[in-house]
Structures are given as C-alpha cells and as structure tokens.
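*Asks:* Just one file: final28.csv, with CSV, C-alpha atoms.
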chain,number,residue,atom,x,y,z
A,1,MET,CA,-21.1,28.7,3.8
A,2,ARG,CA,-19.1,31.5,5.5
A,3,HIS,CA,-20.5,30.4,8.9
A,4,LEU,CA,-19.5,26.8,8.3
A,5,LEU,CA,-16.0,27.7,7.2
A,6,ARG,CA,-15.6,29.9,10.4
A,7,VAL,CA,-16.7,27.0,12.6
A,8,ILE,CA,-14.3,24.6,10.8
A,9,ALA,CA,-11.5,27.1,11.2
A,10,ALA,CA,-12.3,27.7,14.9
A,11,MET,CA,-12.4,24.0,15.6
A,12,CYS,CA,-9.1,23.5,13.8
A,13,VAL,CA,-7.4,26.3,15.8
A,14,LYS,CA,-8.7,25.1,19.1
A,15,ASP,CA,-7.4,21.5,18.5
A,16,LEU,CA,-4.0,22.8,17.3
A,17,ARG,CA,-3.7,25.0,20.5
A,18,LEU,CA,-4.5,21.9,22.6
A,19,ALA,CA,-1.9,19.9,20.7
A,20,LEU,CA,0.8,22.6,21.3
A,21,SER,CA,-0.1,22.7,25.0
A,22,GLU,CA,0.8,18.9,25.1
A,23,ARG,CA,4.2,19.4,23.4
A,24,ALA,CA,5.7,16.1,24.4
A,25,ALA,CA,2.8,14.0,23.2
A,26,THR,CA,2.6,16.1,20.0
A,27,PHE,CA,6.3,15.7,19.3
A,28,ILE,CA,6.2,12.0,19.8
A,29,GLY,CA,3.2,11.8,17.4
A,30,VAL,CA,4.8,13.9,14.7
A,31,ILE,CA,8.0,11.7,14.6
A,32,ILE,CA,6.0,8.4,14.5
A,33,PRO,CA,6.4,8.1,10.7
A,34,ILE,CA,10.2,8.5,11.0
A,35,ASN,CA,10.3,5.9,13.8
A,36,PHE,CA,8.2,3.6,11.6
A,37,LEU,CA,10.5,4.2,8.7
A,38,LEU,CA,13.7,3.5,10.6
A,39,LEU,CA,12.3,0.3,12.2
A,40,PHE,CA,11.4,-1.2,8.8
A,41,ILE,CA,14.6,-0.1,7.1
A,42,LEU,CA,16.6,-1.7,9.8
A,43,PHE,CA,14.5,-4.8,9.3
A,44,ALA,CA,15.1,-4.7,5.6
A,45,LEU,CA,18.9,-4.1,5.9
A,46,SER,CA,19.3,-7.0,8.3
A,47,GLY,CA,17.4,-9.4,6.0
A,48,GLY,CA,18.2,-8.3,2.5
A,49,GLU,CA,21.5,-10.0,1.6
A,50,ALA,CA,23.3,-12.9,3.1
A,51,PRO,CA,26.7,-11.9,4.7
A,52,ILE,CA,29.3,-14.4,3.5
A,53,ALA,CA,33.1,-14.7,3.4
A,54,VAL,CA,35.0,-15.7,0.2
A,55,VAL,CA,38.4,-17.4,0.6
A,56,MET,CA,40.5,-16.9,-2.6
A,57,ASP,CA,43.0,-19.8,-2.6
A,58,ASP,CA,43.4,-19.1,-6.4
A,59,GLN,CA,44.1,-15.6,-7.6
A,60,GLY,CA,43.9,-16.4,-11.3
A,61,PRO,CA,41.8,-14.4,-13.8
A,62,LEU,CA,39.0,-17.1,-13.9
A,63,ALA,CA,38.8,-17.1,-10.1
A,64,GLN,CA,38.5,-13.3,-10.1
A,65,GLN,CA,35.8,-13.6,-12.8
A,66,LEU,CA,33.8,-16.0,-10.6
A,67,LEU,CA,34.1,-13.6,-7.7
A,68,ALA,CA,32.8,-10.8,-9.8
A,69,ALA,CA,29.8,-13.0,-10.8
A,70,MET,CA,29.0,-13.5,-7.2
A,71,GLN,CA,29.3,-9.8,-6.4
A,72,GLN,CA,26.8,-9.1,-9.2
A,73,ALA,CA,24.3,-11.6,-7.9
A,74,HIS,CA,22.7,-9.0,-5.5
A,75,SER,CA,22.2,-11.8,-3.0
A,76,PHE,CA,25.4,-11.5,-0.9
A,77,GLN,CA,27.3,-9.2,1.3
A,78,ILE,CA,30.8,-10.4,0.4
A,79,HIS,CA,34.1,-9.8,2.1
A,80,LEU,CA,37.4,-11.5,1.3
A,81,THR,CA,39.3,-13.2,4.1
A,82,ASP,CA,41.6,-16.3,4.8
A,83,ALA,CA,40.3,-19.7,5.7
A,84,ALA,CA,41.1,-19.5,9.4
A,85,SER,CA,39.3,-16.1,9.8
A,86,ALA,CA,36.3,-17.4,7.8
A,87,GLU,CA,35.9,-20.4,10.2
A,88,ARG,CA,36.0,-18.1,13.2
A,89,GLU,CA,33.4,-15.8,11.7
A,90,ILE,CA,31.0,-18.5,10.8
A,91,ALA,CA,31.4,-20.1,14.2
A,92,SER,CA,30.7,-16.8,16.0
A,93,GLY,CA,27.6,-16.3,13.8
A,94,SER,CA,28.8,-13.0,12.2
A,95,ILE,CA,28.4,-14.6,8.7
A,96,VAL,CA,26.1,-17.3,7.3
A,97,GLY,CA,28.3,-18.8,4.7
A,98,VAL,CA,31.9,-19.4,3.4
A,99,VAL,CA,32.7,-19.9,-0.3
A,100,THR,CA,36.2,-21.2,-1.0
A,101,ILE,CA,37.6,-20.9,-4.5
A,102,PRO,CA,40.2,-23.7,-4.3
A,103,ALA,CA,43.8,-23.7,-5.4
A,104,GLY,CA,44.3,-24.7,-9.0
A,105,PHE,CA,40.8,-23.4,-10.0
A,106,ASP,CA,42.1,-21.8,-13.2
A,107,GLU,CA,44.3,-24.7,-14.1
A,108,GLN,CA,41.5,-27.3,-13.7
A,109,LEU,CA,39.0,-25.3,-15.7
A,110,GLN,CA,41.5,-24.8,-18.5
A,111,ARG,CA,42.1,-28.5,-18.6
A,112,GLY,CA,38.4,-29.2,-18.6
A,113,ALA,CA,38.6,-31.0,-15.3
A,114,PRO,CA,35.6,-30.9,-12.8
A,115,VAL,CA,36.0,-28.5,-10.0
A,116,ALA,CA,34.4,-28.8,-6.5
A,117,LEU,CA,33.5,-25.4,-5.1
A,118,PRO,CA,33.3,-25.8,-1.2
A,119,VAL,CA,30.3,-23.9,0.2
A,120,GLU,CA,29.9,-24.0,4.0
A,121,VAL,CA,26.4,-22.7,5.2
A,122,ASN,CA,25.1,-22.0,8.7
A,123,ASN,CA,21.6,-23.1,7.9
A,124,LEU,CA,20.1,-21.6,11.0
A,125,ASN,CA,18.1,-19.0,9.0
A,126,VAL,CA,16.2,-20.6,6.2
A,127,ASP,CA,15.9,-17.4,4.2
A,128,PHE,CA,19.6,-16.8,4.1
A,129,THR,CA,20.2,-20.5,3.5
A,130,ASN,CA,17.9,-20.5,0.5
A,131,ASP,CA,19.5,-17.3,-0.8
A,132,ILE,CA,22.9,-19.0,-0.8
A,133,ARG,CA,21.6,-22.2,-2.3
A,134,ARG,CA,20.0,-20.4,-5.1
A,135,ALA,CA,22.6,-17.6,-5.8
A,136,VAL,CA,25.8,-19.7,-5.8
A,137,PRO,CA,24.6,-22.0,-8.7
A,138,LEU,CA,23.3,-18.9,-10.5
A,139,SER,CA,26.6,-17.2,-10.0
A,140,ILE,CA,28.4,-20.2,-11.4
A,141,THR,CA,26.1,-20.2,-14.5
A,142,ALA,CA,26.7,-16.5,-15.0
A,143,PHE,CA,30.4,-17.1,-14.7
A,144,TYR,CA,30.4,-19.9,-17.3
A,145,ALA,CA,28.3,-17.8,-19.7
A,146,GLN,CA,31.0,-15.1,-19.7
A,147,ALA,CA,34.1,-17.2,-19.4
A,148,PHE,CA,33.1,-20.2,-21.6
A,149,PRO,CA,30.2,-18.9,-23.8
A,150,GLY,CA,30.5,-21.9,-26.1
A,151,GLN,CA,29.6,-24.3,-23.3
A,152,VAL,CA,26.4,-22.5,-22.2
A,153,VAL,CA,24.1,-22.8,-25.2
A,154,VAL,CA,20.9,-21.9,-23.3
A,155,GLN,CA,20.7,-18.4,-21.9
A,156,ALA,CA,17.8,-16.3,-20.7
A,157,LEU,CA,16.7,-13.4,-22.9
A,158,GLU,CA,15.4,-10.9,-20.4
A,159,ARG,CA,12.9,-8.1,-21.3
A,160,ASP,CA,12.3,-5.7,-18.5
A,161,VAL,CA,8.8,-4.3,-17.9
A,162,GLN,CA,10.0,-1.3,-15.9
A,163,PRO,CA,12.5,1.3,-17.3
A,164,GLN,CA,14.9,0.8,-14.4
A,165,ASP,CA,15.6,-1.5,-11.4
A,166,THR,CA,14.8,-0.4,-7.9
A,167,GLY,CA,16.5,-1.6,-4.8
A,168,TYR,CA,14.7,-3.3,-2.0
A,169,VAL,CA,15.2,-0.4,0.4
A,170,PRO,CA,14.1,2.4,-2.0
A,171,TYR,CA,11.0,0.5,-2.9
A,172,LEU,CA,10.1,-0.4,0.7
A,173,ALA,CA,10.9,3.1,2.0
A,174,VAL,CA,8.3,4.7,-0.2
A,175,SER,CA,5.7,2.2,1.0
A,176,ILE,CA,6.6,2.9,4.6
A,177,VAL,CA,6.1,6.7,4.0
A,178,VAL,CA,2.5,5.9,3.1
A,179,ALA,CA,2.0,3.8,6.2
A,180,GLY,CA,3.7,6.4,8.4
A,181,LEU,CA,1.4,9.2,7.1
A,182,PHE,CA,-1.7,7.0,7.5
A,183,ILE,CA,-0.9,6.1,11.1
A,184,GLU,CA,0.0,9.7,11.9
A,185,GLY,CA,-3.2,11.1,10.6
A,186,LEU,CA,-5.3,8.3,12.1
A,187,LEU,CA,-3.7,8.7,15.6
A,188,GLN,CA,-3.8,12.5,15.7
A,189,ALA,CA,-7.5,12.7,14.6
A,190,ALA,CA,-8.5,9.9,16.9
A,191,ILE,CA,-6.8,11.5,19.9
A,192,MET,CA,-8.4,14.9,19.2
A,193,MET,CA,-11.8,13.4,18.9
A,194,ALA,CA,-11.5,11.1,21.9
A,195,ARG,CA,-10.3,14.0,24.1
A,196,GLU,CA,-13.7,15.7,23.7
A,197,TYR,CA,-15.4,12.7,25.3
A,198,GLU,CA,-12.9,12.3,28.0
A,199,GLU,CA,-13.1,16.0,29.0
A,200,HIS,CA,-16.9,16.0,28.6
A,201,THR,CA,-16.9,18.9,26.1
A,202,ILE,CA,-18.7,16.9,23.5
A,203,LYS,CA,-22.1,18.1,24.8
A,204,GLU,CA,-21.0,21.7,24.5
A,205,LEU,CA,-20.0,21.0,20.9
A,206,ALA,CA,-23.4,19.4,20.3
A,207,LEU,CA,-25.2,22.5,21.6
A,208,ALA,CA,-23.1,24.9,19.5
A,209,PRO,CA,-24.7,26.3,16.3
A,210,ALA,CA,-22.7,23.9,14.1
A,211,GLY,CA,-23.5,20.6,12.6
A,212,ALA,CA,-21.8,17.3,13.5
A,213,TRP,CA,-20.1,17.0,10.2
A,214,THR,CA,-18.7,20.6,10.5
A,215,ILE,CA,-17.2,19.5,13.8
A,216,ALA,CA,-15.7,16.4,12.2
A,217,LEU,CA,-14.3,18.4,9.4
A,218,GLY,CA,-12.6,20.9,11.8
A,219,LYS,CA,-11.0,18.1,13.7
A,220,ALA,CA,-9.9,16.4,10.5
A,221,LEU,CA,-8.3,19.7,9.3
A,222,ALA,CA,-6.3,20.1,12.6
A,223,ALA,CA,-5.0,16.5,12.3
A,224,LEU,CA,-4.2,17.1,8.7
A,225,VAL,CA,-1.9,20.0,9.6
A,226,LEU,CA,0.1,17.9,12.1
A,227,THR,CA,0.2,15.0,9.6
A,228,ALA,CA,1.6,17.4,6.9
A,229,ILE,CA,4.4,18.4,9.3
A,230,ALA,CA,5.2,14.7,9.9
A,231,GLY,CA,5.0,14.0,6.2
A,232,VAL,CA,7.6,16.7,5.4
A,233,LEU,CA,10.0,15.3,8.0
A,234,VAL,CA,9.7,11.7,6.9
A,235,ALA,CA,9.9,12.7,3.2
A,236,ALA,CA,13.1,14.6,4.0
A,237,VAL,CA,14.6,11.5,5.6
A,238,VAL,CA,13.8,9.4,2.5
A,239,VAL,CA,15.1,12.0,0.0
A,240,VAL,CA,18.1,13.3,1.9
A,241,VAL,CA,19.3,10.4,4.0
A,242,LEU,CA,18.3,7.4,1.9
A,243,GLY,CA,18.8,9.2,-1.4
A,244,VAL,CA,15.5,8.2,-2.9
A,245,ARG,CA,14.6,11.0,-5.3
A,246,PRO,CA,11.1,11.3,-6.6
A,247,LEU,CA,10.6,11.4,-10.4
A,248,TYR,CA,7.5,13.6,-10.0
A,249,PRO,CA,7.9,15.9,-6.9
A,250,TRP,CA,4.6,17.7,-7.3
A,251,GLU,CA,2.8,14.3,-7.6
A,252,VAL,CA,4.3,13.4,-4.3
A,253,LEU,CA,2.6,16.4,-2.7
A,254,GLY,CA,-0.7,15.4,-4.2
A,255,ALA,CA,-0.4,11.8,-3.2
A,256,GLY,CA,0.5,12.8,0.3
A,257,LEU,CA,-2.6,14.8,0.6
A,258,LEU,CA,-4.8,12.1,-0.8
A,259,VAL,CA,-3.3,9.6,1.7
A,260,SER,CA,-3.6,11.9,4.7
A,261,VAL,CA,-7.3,13.0,4.1
A,262,PRO,CA,-8.9,9.5,4.5
A,263,ALA,CA,-6.5,8.8,7.4
A,264,VAL,CA,-7.6,11.8,9.4
A,265,ALA,CA,-11.3,11.1,8.5
A,266,LEU,CA,-11.0,7.5,9.7
A,267,GLY,CA,-9.2,8.9,12.9
A,268,VAL,CA,-12.2,11.1,13.7
A,269,LEU,CA,-14.5,8.2,13.3
A,270,CYS,CA,-12.3,6.0,15.4
A,271,GLY,CA,-12.2,8.6,18.2
A,272,ALA,CA,-15.9,9.1,18.1
A,273,VAL,CA,-16.6,5.4,18.4
A,274,MET,CA,-14.0,4.5,21.1
A,275,ARG,CA,-14.3,7.8,23.1
A,276,ARG,CA,-11.1,7.2,25.0
A,277,ARG,CA,-7.6,7.8,23.9
A,278,GLN,CA,-6.3,4.6,25.6
A,279,ALA,CA,-8.7,2.6,23.5
A,280,ALA,CA,-8.4,4.6,20.2
A,281,ILE,CA,-4.6,4.5,20.0
A,282,PRO,CA,-4.3,0.6,20.1
A,283,LEU,CA,-7.2,0.3,17.7
A,284,ALA,CA,-5.5,2.7,15.2
A,285,LEU,CA,-2.2,0.8,15.3
A,286,GLY,CA,-3.7,-2.6,15.4
A,287,ALA,CA,-5.9,-2.0,12.4
A,288,THR,CA,-3.3,-0.2,10.3
A,289,LEU,CA,-0.3,-2.6,10.6
A,290,PRO,CA,-2.2,-5.7,9.2
A,291,LEU,CA,-3.6,-3.7,6.4
A,292,PHE,CA,-0.2,-2.3,5.6
A,293,PHE,CA,1.3,-5.8,5.0
A,294,MET,CA,-1.7,-6.8,2.8
A,295,SER,CA,-1.5,-3.6,0.7
A,296,GLY,CA,1.6,-4.3,-1.3
A,297,PRO,CA,4.5,-2.7,0.6
A,298,PHE,CA,7.0,-5.2,-1.0
A,299,GLY,CA,5.3,-5.5,-4.4
A,300,PRO,CA,2.0,-5.3,-6.2
A,301,PRO,CA,-0.9,-6.7,-4.0
A,302,ASN,CA,-1.9,-8.9,-7.0
A,303,TRP,CA,1.2,-11.0,-6.2
A,304,LEU,CA,-0.4,-12.1,-2.9
A,305,GLY,CA,-3.0,-14.3,-4.6
A,306,ALA,CA,-6.3,-14.6,-2.7
A,307,ALA,CA,-5.0,-12.4,0.1
A,308,GLY,CA,-4.7,-9.6,-2.5
A,309,ALA,CA,-8.5,-9.3,-2.6
A,310,ILE,CA,-8.4,-7.9,0.9
A,311,ALA,CA,-6.1,-5.1,-0.4
A,312,LEU,CA,-9.0,-3.7,-2.4
A,313,VAL,CA,-10.7,-2.5,0.7
A,314,SER,CA,-7.6,-0.9,2.1
A,315,PRO,CA,-6.8,2.8,1.4
A,316,LEU,CA,-3.1,2.0,1.9
A,317,THR,CA,-3.2,-0.1,-1.3
A,318,TYR,CA,-4.2,3.0,-3.4
A,319,GLY,CA,-1.8,5.3,-1.5
A,320,ILE,CA,1.2,3.0,-2.1
A,321,ALA,CA,0.3,2.8,-5.8
A,322,LEU,CA,0.3,6.6,-6.0
A,323,PHE,CA,3.5,7.0,-4.1
A,324,GLN,CA,5.4,4.3,-6.1
A,325,HIS,CA,4.4,6.1,-9.3
A,326,ALA,CA,5.4,9.5,-7.9
A,327,PHE,CA,8.8,8.3,-6.8
A,328,HIS,CA,9.7,5.5,-9.2
A,329,GLY,CA,7.3,5.9,-12.1
A,330,TYR,CA,5.9,2.4,-11.4
A,331,ARG,CA,2.3,1.2,-11.9
A,332,THR,CA,1.9,-1.3,-9.1
A,333,ALA,CA,-1.9,-1.8,-9.1
A,334,GLN,CA,-4.5,-2.7,-11.7
A,335,PRO,CA,-6.6,0.5,-11.4
A,336,SER,CA,-5.5,3.7,-13.0
A,337,LEU,CA,-4.0,6.5,-11.0
A,338,GLY,CA,-7.2,8.4,-11.3
A,339,THR,CA,-9.1,5.4,-9.8
A,340,ASP,CA,-6.6,5.3,-6.9
A,341,ALA,CA,-7.3,9.0,-6.2
A,342,VAL,CA,-11.1,8.6,-6.4
A,343,MET,CA,-10.9,5.6,-4.0
A,344,LEU,CA,-9.0,7.5,-1.4
A,345,LEU,CA,-11.4,10.4,-1.6
A,346,GLY,CA,-14.3,8.0,-1.3
A,347,PHE,CA,-12.8,6.5,1.9
A,348,ALA,CA,-12.5,10.1,3.2
A,349,VAL,CA,-16.1,11.1,2.4
A,350,VAL,CA,-17.6,7.8,3.9
A,351,SER,CA,-15.5,8.2,7.1
A,352,VAL,CA,-16.5,11.9,7.6
A,353,VAL,CA,-20.2,11.1,7.1
A,354,ALA,CA,-20.0,8.1,9.4
A,355,ALA,CA,-18.2,10.2,12.1
A,356,GLY,CA,-20.9,12.8,11.8
A,357,LEU,CA,-23.6,10.2,12.3
A,358,VAL,CA,-21.8,8.8,15.4
A,359,LEU,CA,-21.4,12.4,16.8
A,360,ARG,CA,-25.1,13.1,16.3
A,361,ARG,CA,-26.1,9.9,18.0
A,362,GLY,CA,-23.7,10.4,20.8
A,363,ALA,CA,-24.8,13.9,21.4
A,364,ALA,CA,-28.5,12.8,21.4
A,365,ALA,CA,-27.7,10.2,24.0
Turn the structure described in the file into structure tokens.
*Replies:*
Amino acid sequence: MRHLLRVIAAMCVKDLRLALSERAATFIGVIIPINFLLLFILFALSGGEAPIAVVMDDQGPLAQQLLAAMQQAHSFQIHLTDAASAEREIASGSIVGVVTIPAGFDEQLQRGAPVALPVEVNNLNVDFTNDIRRAVPLSITAFYAQAFPGQVVVQALERDVQPQDTGYVPYLAVSIVVAGLFIEGLLQAAIMMAREYEEHTIKELALAPAGAWTIALGKALAALVLTAIAGVLVAAVVVVVLGVRPLYPWEVLGAGLLVSVPAVALGVLCGAVMRRRQAAIPLALGATLPLFFMSGPFGPPNWLGAAGAIALVSPLTYGIALFQHAFHGYRTAQPSLGTDAVMLLGFAVVSVVAAGLVLRRGAAA
C-alpha cells in the first residue's frame, strides 16, 4: 500500500510540474469554469425579462396601482417614458413592447366604463412576445384583485412547495458551477493522459513497477488539484459577484469533490482512448454540453418528460441535485442525496477501472 501511494503521489507531482511548465495553457484551463459561467449568465440576462416602456398618460392612483402590478409580474424590465420616446425605442429595437396607460384611466374605471389598454409589441422574438401576451393580462387581473376585490371572485390559493423563491440567475448559476467543474476536470485529466501517448512515454510508464490503475489514479489526482483551484475561483464569483450564498457551505465542498472525482476519472479514460489532445479536447466538450442541457440546469430533469430518462445516465444530473441542495436547500431529483453521492462515486470507480483496462491493453500493444 505504501508503494502504491508513493507511485500515485509521484505521478501527481510529475503531471502538476508539467502543467506549471505550460502556464498559458494551464491558466486558460483553470478559468474555463468562469468563462462558462459568464457566457451562460449573459445568455440568461439577455433572455430573462422582456424590456418594455410604459407611457403614463394618467397619473392617478389606479394607474399607479396598475403600474405596480406590472412591476411585480417578474416578466418585464420596465422604464417610464413619453409616447414619442417609446416609439423611437421600439423602432430602433431597444425595447420589445410599449404599454400605454391612457388618459382618463382612473375616471373611466370609477364610472365602470370599459378601458382599452394599448399594447404595442415587436413580435420578432416569440419568447419575449409570449411573455408580454401572458404577463399583461395577468398584471391586469392582479390589479383588479387589489383595486376592486369585489369584482374578482375567483382567485388562486397558492401553496409553495419550496420555502423561498429563487431567481432565474441564482438557480442557473449553481447549475453552471457543476458543468464548469465537470468540464475542467474532464479536460485537465484528458490532456494529461493524452500527453503520455503524444510524447511516447506511455511505454515507460507501462514498464515501471506500478499497475495501470495506479497510474490512472495518479493522473486523476493531479487533475483533481487543478480542478479544485478552478472550483474555488468560480465559487468565489458566484458568492461574491452574483451574491448567491450557500445555505450549507460545508456541503458545497463535499458536493464539489463528488462532482470533480468522476469528471477527472472520465477524463483519464477519454485521454487513454483518444491518445491525442487535439482529439480529446473536442470530445470532452462535445460530450459534456449536451449532457448538461439534459441534466436539469433550469429545473428538475423530471420536467423534461421522456428526455429526462437520459439524465439518469449523466453524472451532471446528480451533481446539480447536490449543489442545488447545498446552495438553496432544494431537492430537484427523485433520488435521495445519499443516492446522488453513491451514483457519482460509481461513475468514478467505473471510469478508473475502464481507464486502467485501456492502459493495460495499450501498453501490451
């Protein structure tokens, strides 16, 4: 056992020294999770809420109450302006809609007269268009329920499953941390393993007094160190910059380790199979991104219907479930947290064993 541990440590130190000698490549690799996070956050911010202008031709209390209902709909980015400016903005494409609260709005409502609420929509983007078409009527209903409660006799009685609401960006950011850690571990380990084949040092490793699985574990450990550094950096961005505070900080550390271990194990296997960095890197990225979108980054994978069955064979599914619980206290998957942890460890063991078998076969050839 002491000999095996020494071999694993020696392999880890060797790969870390090589990584430090290629500082530019290592630096780029370490910041990949942050780049991944920023890319998706920009995507989320640009598509989360429809930017609209509201023209207040009536400043009465009922008009102000309708404006407040629209602001509480969580579907709009609202700014107030005049009619001429609103038309220029929608013509230039800087907003997707204009809602005008007409003059005499309060007076007509108090007389019980019907009121036409002009809504101009640039229906170029169907997502934003549908947001406006749904949220404006809902805002009107919410306004009536508050301003004229006697006229709205049917109201929803909401019972929340979760103890608190979570915004789109905080939820997505936690999922992206998992994907970033996984891609980082997969890439680092794949590059380290493929380098041995490119530099023809795999034969020397095969002749060394160490087993194939020991070599695989040493490389996985080196990749795990670099992945841990990347994990600390991306977690700092989420906590400090985005302000997403974890409910269970120690659980975040454990979940990060459980996500990184199968990632580096799969990376060793990927590098041993592909044997070239130019081939291993596209494979790692190409395999991870589709799995990420099918693993519940926006909500529980059960919501995906039949496609959710694919999520059961993705380690990202179980990693996202652990991280969402650690940060928000949510249970987003059917299995228990213990099952999530066991599944991730199972992926790691199977990957290391498979990598050892590939190494032994490659050395024999």
*Asks:* Any idea what's packed within 8 Å of Leu258 of chain A, counting only C-alpha atoms, ignoring anything in its chain fewer than 5 positions away? Could you give it as a PDB file with C-alpha atoms, in the coordinates of the input?
*Replies:*
ATOM      1  CA  GLY A 319      -1.800   5.300  -1.500  1.00  0.00           C
ATOM      2  CA  ALA A 341      -7.300   9.000  -6.200  1.00  0.00           C
ATOM      3  CA  LEU A 344      -9.000   7.500  -1.400  1.00  0.00           C
ATOM      4  CA  LEU A 345     -11.400  10.400  -1.600  1.00  0.00           C
TER       5      LEU A 345
END
*Asks:* In Å to one decimal, how far is atom CA of Ala19 of chain A from atom CA of Val259 of chain A?
*Replies:* 21.7 Å
*Asks:* Please report the interatomic distance between atom CA of Ala321 of chain A and atom CA of Met343 of chain A in Å with one decimal.
*Replies:*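 Computing it gives 11.7 Å between the two atoms.
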*Asks:* Could you check the closest approach to Leu18 of chain A for each of A:Met193, A:Val342, A:Leu157, A:Leu62 and tell me which residue wins, using all atoms listed in the file?
*Replies:*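 The answer is A:Met193, which sits nearest to Leu18 of chain A.
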*Asks:* Rounded to one decimal place, report the atom CA of Ala223 of chain A-atom CA of Leu5 of chain A distance in Å.
*Replies:*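 Atom CA of Ala223 of chain A sits 16.5 Å away from atom CA of Leu5 of chain A.
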*Asks:* Within 10 Å of (47.1, -22.4, -12.9) (file coordinates; all atoms listed in the file), which protein or nucleic acid residues are there? I'd like them as a ChimeraX atom specification.
*Replies:* /A:58-62,103-111
